[in-house]
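**Q** Below is the file coords_13.txt, which contains compact mmCIF, C-alpha atoms.
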```
# COMPACT_ATOMS: atom_id res chain seq x y z
CA MET C 1 0.00 0.00 0.00
CA TRP C 2 2.66 2.49 1.10
CA GLN C 3 4.96 1.40 -1.69
CA ALA C 4 2.20 1.85 -4.23
CA PHE C 5 1.68 5.36 -2.91
CA VAL C 6 5.41 6.16 -3.16
CA ARG C 7 5.50 4.89 -6.73
CA TRP C 8 2.42 6.94 -7.62
CA PHE C 9 3.96 10.02 -5.97
CA HIS C 10 7.22 9.61 -7.87
CA LYS C 11 5.46 9.20 -11.17
CA TRP C 12 3.36 12.33 -10.68
CA SER C 13 6.34 14.34 -9.46
CA SER C 14 8.02 13.90 -12.86
CA PRO C 15 7.33 17.00 -14.99
CA LYS C 16 7.26 14.94 -18.19
CA TRP C 17 4.69 12.48 -16.83
CA PHE C 18 2.60 15.35 -15.48
CA TYR C 19 2.80 17.19 -18.81
CA THR C 20 1.58 14.16 -20.76
CA MET C 21 -1.14 13.06 -18.34
CA SER C 22 -2.56 16.52 -17.61
CA GLN C 23 -3.50 17.33 -21.19
CA PRO C 24 -6.83 15.44 -21.31
CA TRP C 25 -7.54 16.55 -17.74
CA SER C 26 -7.28 20.26 -18.51
CA PHE C 27 -9.38 19.75 -21.65
CA TRP C 28 -12.26 17.92 -19.99
CA LEU C 29 -12.19 19.98 -16.79
CA GLY C 30 -12.37 23.11 -18.95
CA TRP C 31 -15.42 21.89 -20.87
CA ALA C 32 -17.20 20.60 -17.78
CA ALA C 33 -16.57 23.95 -16.08
CA THR C 34 -17.89 25.90 -19.07
CA LEU C 35 -21.12 23.90 -19.15
CA ILE C 36 -21.70 24.00 -15.40
CA ILE C 37 -20.92 27.71 -14.99
CA ALA C 38 -23.04 28.66 -17.99
CA SER C 39 -26.08 26.74 -16.70
CA ALA C 40 -25.56 27.99 -13.14
CA LEU C 41 -25.43 31.64 -14.23
CA VAL C 42 -28.39 31.41 -16.63
CA TRP C 43 -30.38 29.76 -13.83
CA GLY C 44 -29.15 32.25 -11.23
CA LEU C 45 -29.72 35.35 -13.35
CA MET C 46 -32.98 34.45 -15.09
CA PHE C 47 -34.84 31.73 -13.23
CA ALA C 48 -33.96 31.95 -9.53
CA PRO C 49 -36.66 33.94 -7.71
CA VAL C 50 -36.01 37.47 -6.51
CA GLU C 51 -34.79 37.79 -2.94
CA ARG C 52 -37.28 39.27 -0.49
CA LEU C 53 -35.04 41.83 1.22
CA GLN C 54 -32.27 42.61 -1.28
CA GLY C 55 -34.19 42.45 -4.54
CA ASN C 56 -32.20 41.43 -7.60
CA SER C 57 -28.81 42.65 -6.35
CA TYR C 58 -28.50 39.33 -4.46
CA ARG C 59 -27.80 37.64 -7.84
CA ILE C 60 -24.21 38.84 -7.42
CA ILE C 61 -23.87 35.99 -4.88
CA PHE C 62 -23.54 33.47 -7.76
CA ILE C 63 -20.09 34.84 -8.60
CA HIS C 64 -19.13 36.58 -5.35
CA VAL C 65 -19.11 33.56 -3.05
CA PRO C 66 -17.56 31.07 -5.54
CA SER C 67 -14.68 33.48 -6.28
CA ALA C 68 -14.15 34.13 -2.56
CA PHE C 69 -14.07 30.35 -1.89
CA LEU C 70 -11.59 29.74 -4.69
CA SER C 71 -9.30 32.60 -3.68
CA GLN C 72 -8.89 30.93 -0.27
CA ALA C 73 -8.77 27.32 -1.49
CA ILE C 74 -6.08 28.20 -4.05
CA TYR C 75 -4.06 30.03 -1.40
CA ALA C 76 -4.22 26.94 0.84
CA ALA C 77 -3.10 24.81 -2.12
CA ILE C 78 -0.14 27.13 -2.75
CA ALA C 79 0.94 26.80 0.90
CA VAL C 80 0.67 22.97 0.85
CA LEU C 81 2.51 22.75 -2.49
CA GLY C 82 5.19 25.09 -1.16
CA LEU C 83 5.67 22.88 1.88
CA VAL C 84 5.88 19.76 -0.32
CA GLY C 85 8.40 21.53 -2.54
CA LEU C 86 10.55 22.63 0.38
CA VAL C 87 10.46 19.30 2.25
CA TRP C 88 10.75 16.83 -0.66
CA LYS C 89 12.64 19.18 -3.03
CA MET C 90 9.96 18.50 -5.62
CA LYS C 91 10.20 21.06 -8.40
CA LEU C 92 6.85 20.16 -9.95
CA ALA C 93 5.12 21.22 -6.72
CA PHE C 94 6.79 24.62 -7.07
CA PHE C 95 5.71 24.90 -10.71
CA VAL C 96 2.07 24.23 -9.82
CA ALA C 97 2.26 26.58 -6.82
CA LYS C 98 3.64 29.39 -8.99
CA GLN C 99 0.92 29.03 -11.62
CA CYS C 100 -1.79 28.95 -8.95
CA ILE C 101 -0.90 32.57 -8.11
CA PRO C 102 -2.48 34.43 -11.09
CA VAL C 103 -5.63 32.30 -10.90
CA GLY C 104 -5.98 32.81 -7.14
CA ALA C 105 -5.26 36.53 -7.41
CA SER C 106 -7.91 36.96 -10.10
CA MET C 107 -10.42 35.17 -7.85
CA ALA C 108 -9.55 37.39 -4.85
CA LEU C 109 -9.90 40.48 -7.03
CA LEU C 110 -13.27 39.28 -8.36
CA ALA C 111 -14.52 38.60 -4.81
CA LEU C 112 -13.46 42.07 -3.66
CA VAL C 113 -14.87 43.96 -6.65
CA THR C 114 -18.21 42.10 -6.74
CA GLY C 115 -18.41 42.55 -2.96
CA ALA C 116 -17.91 46.30 -3.32
CA ILE C 117 -20.54 46.50 -6.07
CA TRP C 118 -22.97 44.46 -3.97
CA GLY C 119 -22.18 46.55 -0.89
CA LYS C 120 -23.38 49.79 -2.49
CA PRO C 121 -27.11 48.95 -2.78
CA THR C 122 -27.09 46.69 0.31
CA TRP C 123 -25.01 48.60 2.89
CA GLY C 124 -24.93 52.00 1.21
CA THR C 125 -21.15 51.93 0.86
CA TRP C 126 -18.59 50.46 -1.53
CA TRP C 127 -15.97 49.90 1.11
CA GLU C 128 -15.62 49.79 4.87
CA TRP C 129 -12.57 48.72 6.87
CA ASP C 130 -14.59 45.75 8.06
CA ALA C 131 -12.61 42.71 9.27
CA ARG C 132 -13.77 40.44 6.42
CA LEU C 133 -13.12 43.04 3.72
CA THR C 134 -9.72 43.96 5.13
CA SER C 135 -8.52 40.36 5.49
CA MET C 136 -9.61 39.64 1.89
CA LEU C 137 -7.63 42.69 0.76
CA VAL C 138 -4.64 41.27 2.65
CA LEU C 139 -5.14 37.99 0.75
CA LEU C 140 -4.99 39.84 -2.59
CA LEU C 141 -1.83 41.67 -1.46
CA LEU C 142 -0.28 38.32 -0.45
CA TYR C 143 -0.92 37.04 -3.99
CA PHE C 144 0.77 40.15 -5.44
CA GLY C 145 3.68 39.64 -3.02
CA LEU C 146 4.10 36.00 -4.10
CA TRP C 147 4.15 36.95 -7.78
CA ALA C 148 6.58 39.82 -7.12
CA LEU C 149 8.95 37.44 -5.28
CA HIS C 150 9.04 35.10 -8.29
CA ASN C 151 9.86 38.00 -10.59
CA ALA C 152 12.42 39.58 -8.26
CA MET C 153 14.76 36.59 -8.11
CA GLU C 154 17.54 36.07 -10.60
CA ARG C 155 17.32 32.28 -10.33
CA PRO C 156 13.80 30.82 -10.57
CA GLU C 157 14.69 28.24 -7.89
CA SER C 158 15.25 31.04 -5.36
CA GLY C 159 11.89 32.53 -6.31
CA ASP C 160 10.23 29.17 -5.69
CA ARG C 161 11.68 28.88 -2.20
CA ALA C 162 11.08 32.52 -1.20
CA ALA C 163 7.45 32.38 -2.40
CA ALA C 164 6.88 29.07 -0.56
CA ILE C 165 8.06 30.63 2.71
CA LEU C 166 5.88 33.74 2.25
CA ALA C 167 2.91 31.50 1.37
CA LEU C 168 3.39 29.48 4.58
CA VAL C 169 3.66 32.62 6.73
CA GLY C 170 0.56 34.08 5.08
CA VAL C 171 -1.54 31.02 5.99
CA VAL C 172 -2.43 32.77 9.29
CA ASN C 173 -4.63 35.06 7.20
CA LEU C 174 -6.96 32.18 6.16
CA PRO C 175 -8.54 31.53 9.59
CA ILE C 176 -8.75 35.30 10.06
CA ILE C 177 -10.84 35.54 6.87
CA LYS C 178 -13.01 32.60 7.90
CA PHE C 179 -13.74 33.72 11.45
CA SER C 180 -13.72 37.48 10.82
CA VAL C 181 -17.51 37.52 10.51
CA GLU C 182 -17.87 35.75 13.85
CA TRP C 183 -15.12 37.38 15.93
CA TRP C 184 -15.93 40.95 14.94
CA ASN C 185 -19.59 41.65 14.54
CA THR C 186 -19.40 44.13 11.71
CA LEU C 187 -20.78 44.82 8.27
CA HIS C 188 -20.31 41.55 6.38
CA GLN C 189 -22.97 38.92 6.93
CA PRO C 190 -22.01 35.49 8.37
CA ALA C 191 -21.31 32.53 6.09
CA THR C 192 -24.20 31.40 3.91
CA LEU C 193 -23.01 27.80 3.78
CA LYS C 194 -22.04 25.95 6.95
CA PHE C 195 -21.18 22.29 7.31
CA THR C 196 -23.09 22.02 10.55
CA GLU C 197 -26.42 23.50 9.46
CA ALA C 198 -28.89 23.17 6.64
CA PRO C 199 -28.45 26.05 4.18
CA PRO C 200 -30.97 28.89 4.68
CA MET C 201 -31.75 29.09 0.96
CA HIS C 202 -34.58 27.79 -1.18
CA PRO C 203 -33.48 25.03 -3.61
CA SER C 204 -34.27 27.30 -6.57
CA MET C 205 -31.44 29.56 -5.38
CA LEU C 206 -29.28 26.94 -3.67
CA ILE C 207 -28.84 24.59 -6.66
CA PRO C 208 -27.44 27.22 -9.10
CA PHE C 209 -25.34 28.59 -6.21
CA LEU C 210 -23.76 25.17 -5.53
CA MET C 211 -23.34 24.58 -9.27
CA ALA C 212 -21.48 27.88 -9.60
CA ILE C 213 -19.13 26.87 -6.77
CA VAL C 214 -18.41 23.49 -8.41
CA GLY C 215 -17.96 25.20 -11.80
CA PHE C 216 -15.47 27.71 -10.39
CA TYR C 217 -13.49 24.85 -8.78
CA LEU C 218 -13.32 22.94 -12.08
CA ALA C 219 -12.41 26.05 -14.09
CA SER C 220 -9.64 26.97 -11.67
CA MET C 221 -8.21 23.44 -11.86
CA ALA C 222 -8.27 23.57 -15.66
CA TRP C 223 -6.56 26.97 -15.70
CA VAL C 224 -3.87 25.90 -13.22
CA LEU C 225 -3.17 22.72 -15.24
CA MET C 226 -2.93 24.70 -18.48
CA ARG C 227 -0.56 27.23 -16.90
CA THR C 228 1.55 24.55 -15.23
CA ARG C 229 2.05 22.77 -18.56
CA LEU C 230 3.51 25.99 -20.00
CA GLU C 231 5.62 26.55 -16.88
CA ILE C 232 7.06 23.04 -17.38
CA LEU C 233 7.95 23.84 -20.99
CA GLN C 234 9.64 27.07 -19.94
CA ARG C 235 11.59 25.71 -16.98
CA GLU C 236 12.58 22.38 -18.59
CA ARG C 237 13.37 23.82 -22.02
CA LYS C 238 16.90 22.38 -21.93
CA SER C 239 15.63 18.81 -21.85
CA ARG C 240 15.25 16.84 -25.05
CA TRP C 241 11.53 16.06 -24.88
CA VAL C 242 10.60 19.72 -24.29
CA GLU C 243 12.65 20.75 -27.30
CA ASP C 244 10.78 18.18 -29.40
CA GLU C 245 7.47 19.47 -28.10
CA LEU C 246 8.38 23.10 -28.87
CA ASN C 247 9.53 22.11 -32.36
CA ARG C 248 6.17 20.44 -32.87
CA PHE C 249 4.39 23.66 -31.76
CA ALA C 250 6.60 25.83 -33.99
CA GLU C 251 5.84 23.68 -37.03
CA GLY C 252 2.13 23.63 -36.30
CA GLN C 253 1.95 27.42 -36.14
CA MET G 1 -38.96 34.78 -18.94
CA GLY G 2 -38.16 32.90 -15.75
CA ALA G 3 -38.39 35.23 -12.78
CA PHE G 4 -39.00 38.30 -14.99
CA ASP G 5 -42.04 39.55 -16.90
CA SER G 6 -40.10 40.78 -19.93
CA PHE G 7 -36.61 41.08 -21.38
CA SER G 8 -36.43 44.75 -20.38
CA ALA G 9 -37.38 43.79 -16.82
CA PHE G 10 -34.56 41.22 -16.93
CA LEU G 11 -32.07 43.90 -18.02
CA ALA G 12 -33.35 46.35 -15.42
CA MET G 13 -33.06 43.80 -12.54
CA GLY G 14 -35.54 45.80 -10.46
CA ASP G 15 -33.51 48.95 -10.00
CA HIS G 16 -30.30 46.98 -9.48
CA GLY G 17 -29.32 46.46 -13.14
CA VAL G 18 -26.21 48.63 -12.88
CA TYR G 19 -24.91 46.64 -9.91
CA VAL G 20 -25.72 43.15 -11.19
CA TRP G 21 -24.44 43.70 -14.74
CA SER G 22 -21.26 45.50 -13.72
CA ALA G 23 -20.45 42.67 -11.28
CA TYR G 24 -21.00 40.09 -14.04
CA ALA G 25 -18.91 42.18 -16.47
CA VAL G 26 -15.99 42.02 -14.03
CA GLY G 27 -16.59 38.26 -13.78
CA ALA G 28 -16.41 37.97 -17.58
CA ALA G 29 -13.18 40.00 -17.57
CA VAL G 30 -11.62 37.66 -14.99
CA ILE G 31 -12.58 34.61 -17.08
CA ALA G 32 -11.12 36.29 -20.20
CA PHE G 33 -7.88 37.02 -18.31
CA ASN G 34 -7.56 33.37 -17.30
CA VAL G 35 -8.29 32.10 -20.82
CA ILE G 36 -6.14 34.59 -22.75
CA THR G 37 -2.94 34.87 -20.66
CA PRO G 38 -1.97 31.17 -21.11
CA ARG G 39 -2.38 31.59 -24.88
CA LEU G 40 -0.08 34.61 -24.88
CA HIS G 41 2.42 32.68 -22.74
CA ARG G 42 2.32 29.79 -25.20
CA GLN G 43 2.96 32.10 -28.17
CA ARG G 44 5.88 33.73 -26.31
CA LEU G 45 7.38 30.30 -25.60
CA ILE G 46 7.16 29.36 -29.28
CA SER G 47 8.68 32.62 -30.56
CA ASP G 48 11.49 32.40 -27.96
CA HIS G 49 12.13 28.84 -29.10
CA LYS G 50 12.25 29.86 -32.78
CA ARG G 51 14.71 32.67 -31.98
CA ARG G 52 16.94 30.21 -30.09
CA MET G 53 16.86 27.79 -33.01
CA ARG G 54 17.87 30.50 -35.50
CA ARG G 55 20.73 31.65 -33.26
CA GLU G 56 22.03 28.08 -33.01
CA GLN G 57 21.95 27.58 -36.77
CA ARG G 58 24.17 30.59 -37.41
```
What is this structure when it is put down as structure tokens?

**A**
Amino acid sequence: MWQAFVRWFHKWSSPKWFYTMSQPWSFWLGWAATLIIASALVWGLMFAPVERLQGNSYRIIFIHVPSAFLSQAIYAAIAVLGLVGLVWKMKLAFFVAKQCIPVGASMALLALVTGAIWGKPTWGTWWEWDARLTSMLVLLLLYFGLWALHNAMERPESGDRAAAILALVGVVNLPIIKFSVEWWNTLHQPATLKFTEAPPMHPSMLIPFLMAIVGFYLASMAWVLMRTRLEILQRERKSRWVEDELNRFAEGQ
Amino acid sequence: MGAFDSFSAFLAMGDHGVYVWSAYAVGAAVIAFNVITPRLHRQRLISDHKRRMRREQR
């Protein structure tokens, strides 16, 4: 059992194996995500009933909450991958972690901007230095910091290590985001979805909402896989198989 | 049309059309960013590779 796991781990930690095996994955994840997100948003925008208190502005929830979830899940993934990279000296983990950054940052930005837009009709303000809003802004700044570290280093390997350490330090921000709405009783409403309670939403709103969350997860996975494949080609360009692959691309163009 | 009486009511979103549609426009922009940047990266890799090949031939 353990040996099978070690063999599996070694196989997947090889950039070439990962490059070959991830191609169909990114393709099918991308198409599944497109279908699920499209149906979730059509349902959410056109067919879900209007909300009693907030009117139609509540429809922003179908992109606001999924993007906020993903921005945190991707950050957690970056931290875990960074730890794996540091402990087992696994360069593929660093490649994936690096290419998670733009996807995660775009999700954090989307959560913040849609939150601000939703805040205007609901709270009467675009922005407040509320604990949830501030800790999400810190998350976005952490993403920018990670990307800046990669670009600042002469050798990409140093960038990998520096970003992994920053990502691990920044993990303290994740529980702050999660519990901010409980510890400080401020503007942002508490979580809509909790593991311990039944969701307070009618199925006609809940189903497209859950679909949007699943769709955002699948899309983010597809994007990270696509980006990682290119990162592999860039970082391993001295190896024979990458040269062959690039030749194939250059001829096909 | 679903939860709305007409297409214009759908666009108006009560009186929240500006908020809903601008939020979804930003969402579309984020999706476009994530779809387009890998393509640009791929093209850059290919043109860098071609330049390297030419340099080696000389």

**Q** Which residues are near segment 154-166 of chain C? Cut-off 10 Å, only C-alpha atoms, ignore same chain within fewer than 3 positions. Put them as a list in words.

**A**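 Everything that qualifies: Ile78, Ala79, Val80, Leu81, Gly82, Leu83, Val84, Gly85, Leu86, Lys89, Lys91, Ala93, Phe94, Phe95, Ala97, Lys98, Leu142, Tyr143, Gly145, Leu146, Trp147, Ala148, Leu149, His150, Asn151, Val169, Gly170, Val171 and Arg235 of chain C.
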
**Q** Those residues with C-alpha atoms, as a compact mmCIF listing (two decimals), in the frame of the given file please?

**A**
```txt
# COMPACT_ATOMS: atom_id res chain seq x y z
CA ILE C 78 -0.14 27.13 -2.75
CA ALA C 79 0.94 26.80 0.90
CA VAL C 80 0.67 22.97 0.85
CA LEU C 81 2.51 22.75 -2.49
CA GLY C 82 5.19 25.09 -1.16
CA LEU C 83 5.67 22.88 1.88
CA VAL C 84 5.88 19.76 -0.32
CA GLY C 85 8.40 21.53 -2.54
CA LEU C 86 10.55 22.63 0.38
CA LYS C 89 12.64 19.18 -3.03
CA LYS C 91 10.20 21.06 -8.40
CA ALA C 93 5.12 21.22 -6.72
CA PHE C 94 6.79 24.62 -7.07
CA PHE C 95 5.71 24.90 -10.71
CA ALA C 97 2.26 26.58 -6.82
CA LYS C 98 3.64 29.39 -8.99
CA LEU C 142 -0.28 38.32 -0.45
CA TYR C 143 -0.92 37.04 -3.99
CA GLY C 145 3.68 39.64 -3.02
CA LEU C 146 4.10 36.00 -4.10
CA TRP C 147 4.15 36.95 -7.78
CA ALA C 148 6.58 39.82 -7.12
CA LEU C 149 8.95 37.44 -5.28
CA HIS C 150 9.04 35.10 -8.29
CA ASN C 151 9.86 38.00 -10.59
CA VAL C 169 3.66 32.62 6.73
CA GLY C 170 0.56 34.08 5.08
CA VAL C 171 -1.54 31.02 5.99
CA ARG C 235 11.59 25.71 -16.98
```

**Q** Could you pull the residues within 8 Å of segment 244-252 of chain C, counting all atoms listed in the file, minus those fewer than 4 positions along the same chain, as a PyMOL selection string?

**A** (chain C and resi 233+240) or (chain G and resi 45-47+49-50)

**Q** Which residues of chain G come within 7 Å of chain C, and what is each one's closest atom pair and distance in Å (one decimal), counting all atoms listed in the file, sorted by chain and residue number, as a tab-separated table?

**A**
```
residue	atom	partner	partner_atom	distance
G:Gly2	CA	C:Phe47	CA	4.3
G:Ala3	CA	C:Phe47	CA	5.0
G:Met13	CA	C:Asn56	CA	5.5
G:Gly14	CA	C:Asn56	CA	6.2
G:His16	CA	C:Ser57	CA	5.5
G:Tyr19	CA	C:Ile117	CA	5.8
G:Val20	CA	C:Ser57	CA	5.8
G:Ala23	CA	C:Thr114	CA	5.1
G:Val26	CA	C:Leu110	CA	6.9
G:Gly27	CA	C:Leu110	CA	6.4
G:Val30	CA	C:Ser106	CA	6.2
G:Asn34	CA	C:Trp223	CA	6.7
G:Pro38	CA	C:Arg227	CA	5.9
G:Arg42	CA	C:Leu230	CA	6.5
G:Leu45	CA	C:Gln234	CA	6.9
G:Ile46	CA	C:Ala250	CA	5.9
G:His49	CA	C:Leu246	CA	6.9
```

**Q** So which one's closest to Met205 of chain C, C:Leu168, C:Ala40, C:Leu218, C:Met1? Using only C-alpha atoms, please.

**A**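 Of C:Leu168, C:Ala40, C:Leu218, C:Met1, the one nearest Met205 of chain C, counting only C-alpha atoms, is C:Ala40.
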
**Q** At what distance in Å, to one decimal, does atom CA of Phe69 of chain C lie from atom CA of Gly104 of chain C?

**A** 10.0 Å

**Q** What does the structure give for the distance between atom CA of Ile232 of chain C and atom CA of Val138 of chain C, in Å to one decimal?

**A**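 Value for the atom CA of Ile232 of chain C-atom CA of Val138 of chain C distance: 29.5 Å.
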
**Q** Could you state the separation of atom CA of Ala152 of chain C and atom CA of Ala73 of chain C in Å, given to one decimal place?

**A**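 Separation of atom CA of Ala152 of chain C and atom CA of Ala73 of chain C: 25.4 Å.
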
**Q** Please list as number ranges by chain every residue within 12 Å of Trp129 of chain C, counting all atoms listed in the file and excluding residues in the same chain fewer than 3 positions away.

**A** C: 116, 125-126, 132-138, 180, 184, 186-188

**Q** Using all atoms listed in the file, which protein or nucleic acid residues come within 9 Å of Val214 of chain C? Drop anything in the same chain fewer than 3 positions from it, and give the result as a list in words.

**A**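 The neighbour list is Ala33, Ile36, Ile37, Pro66, Phe209, Leu210, Met211, Tyr217, Leu218 and Ala219 of chain C.
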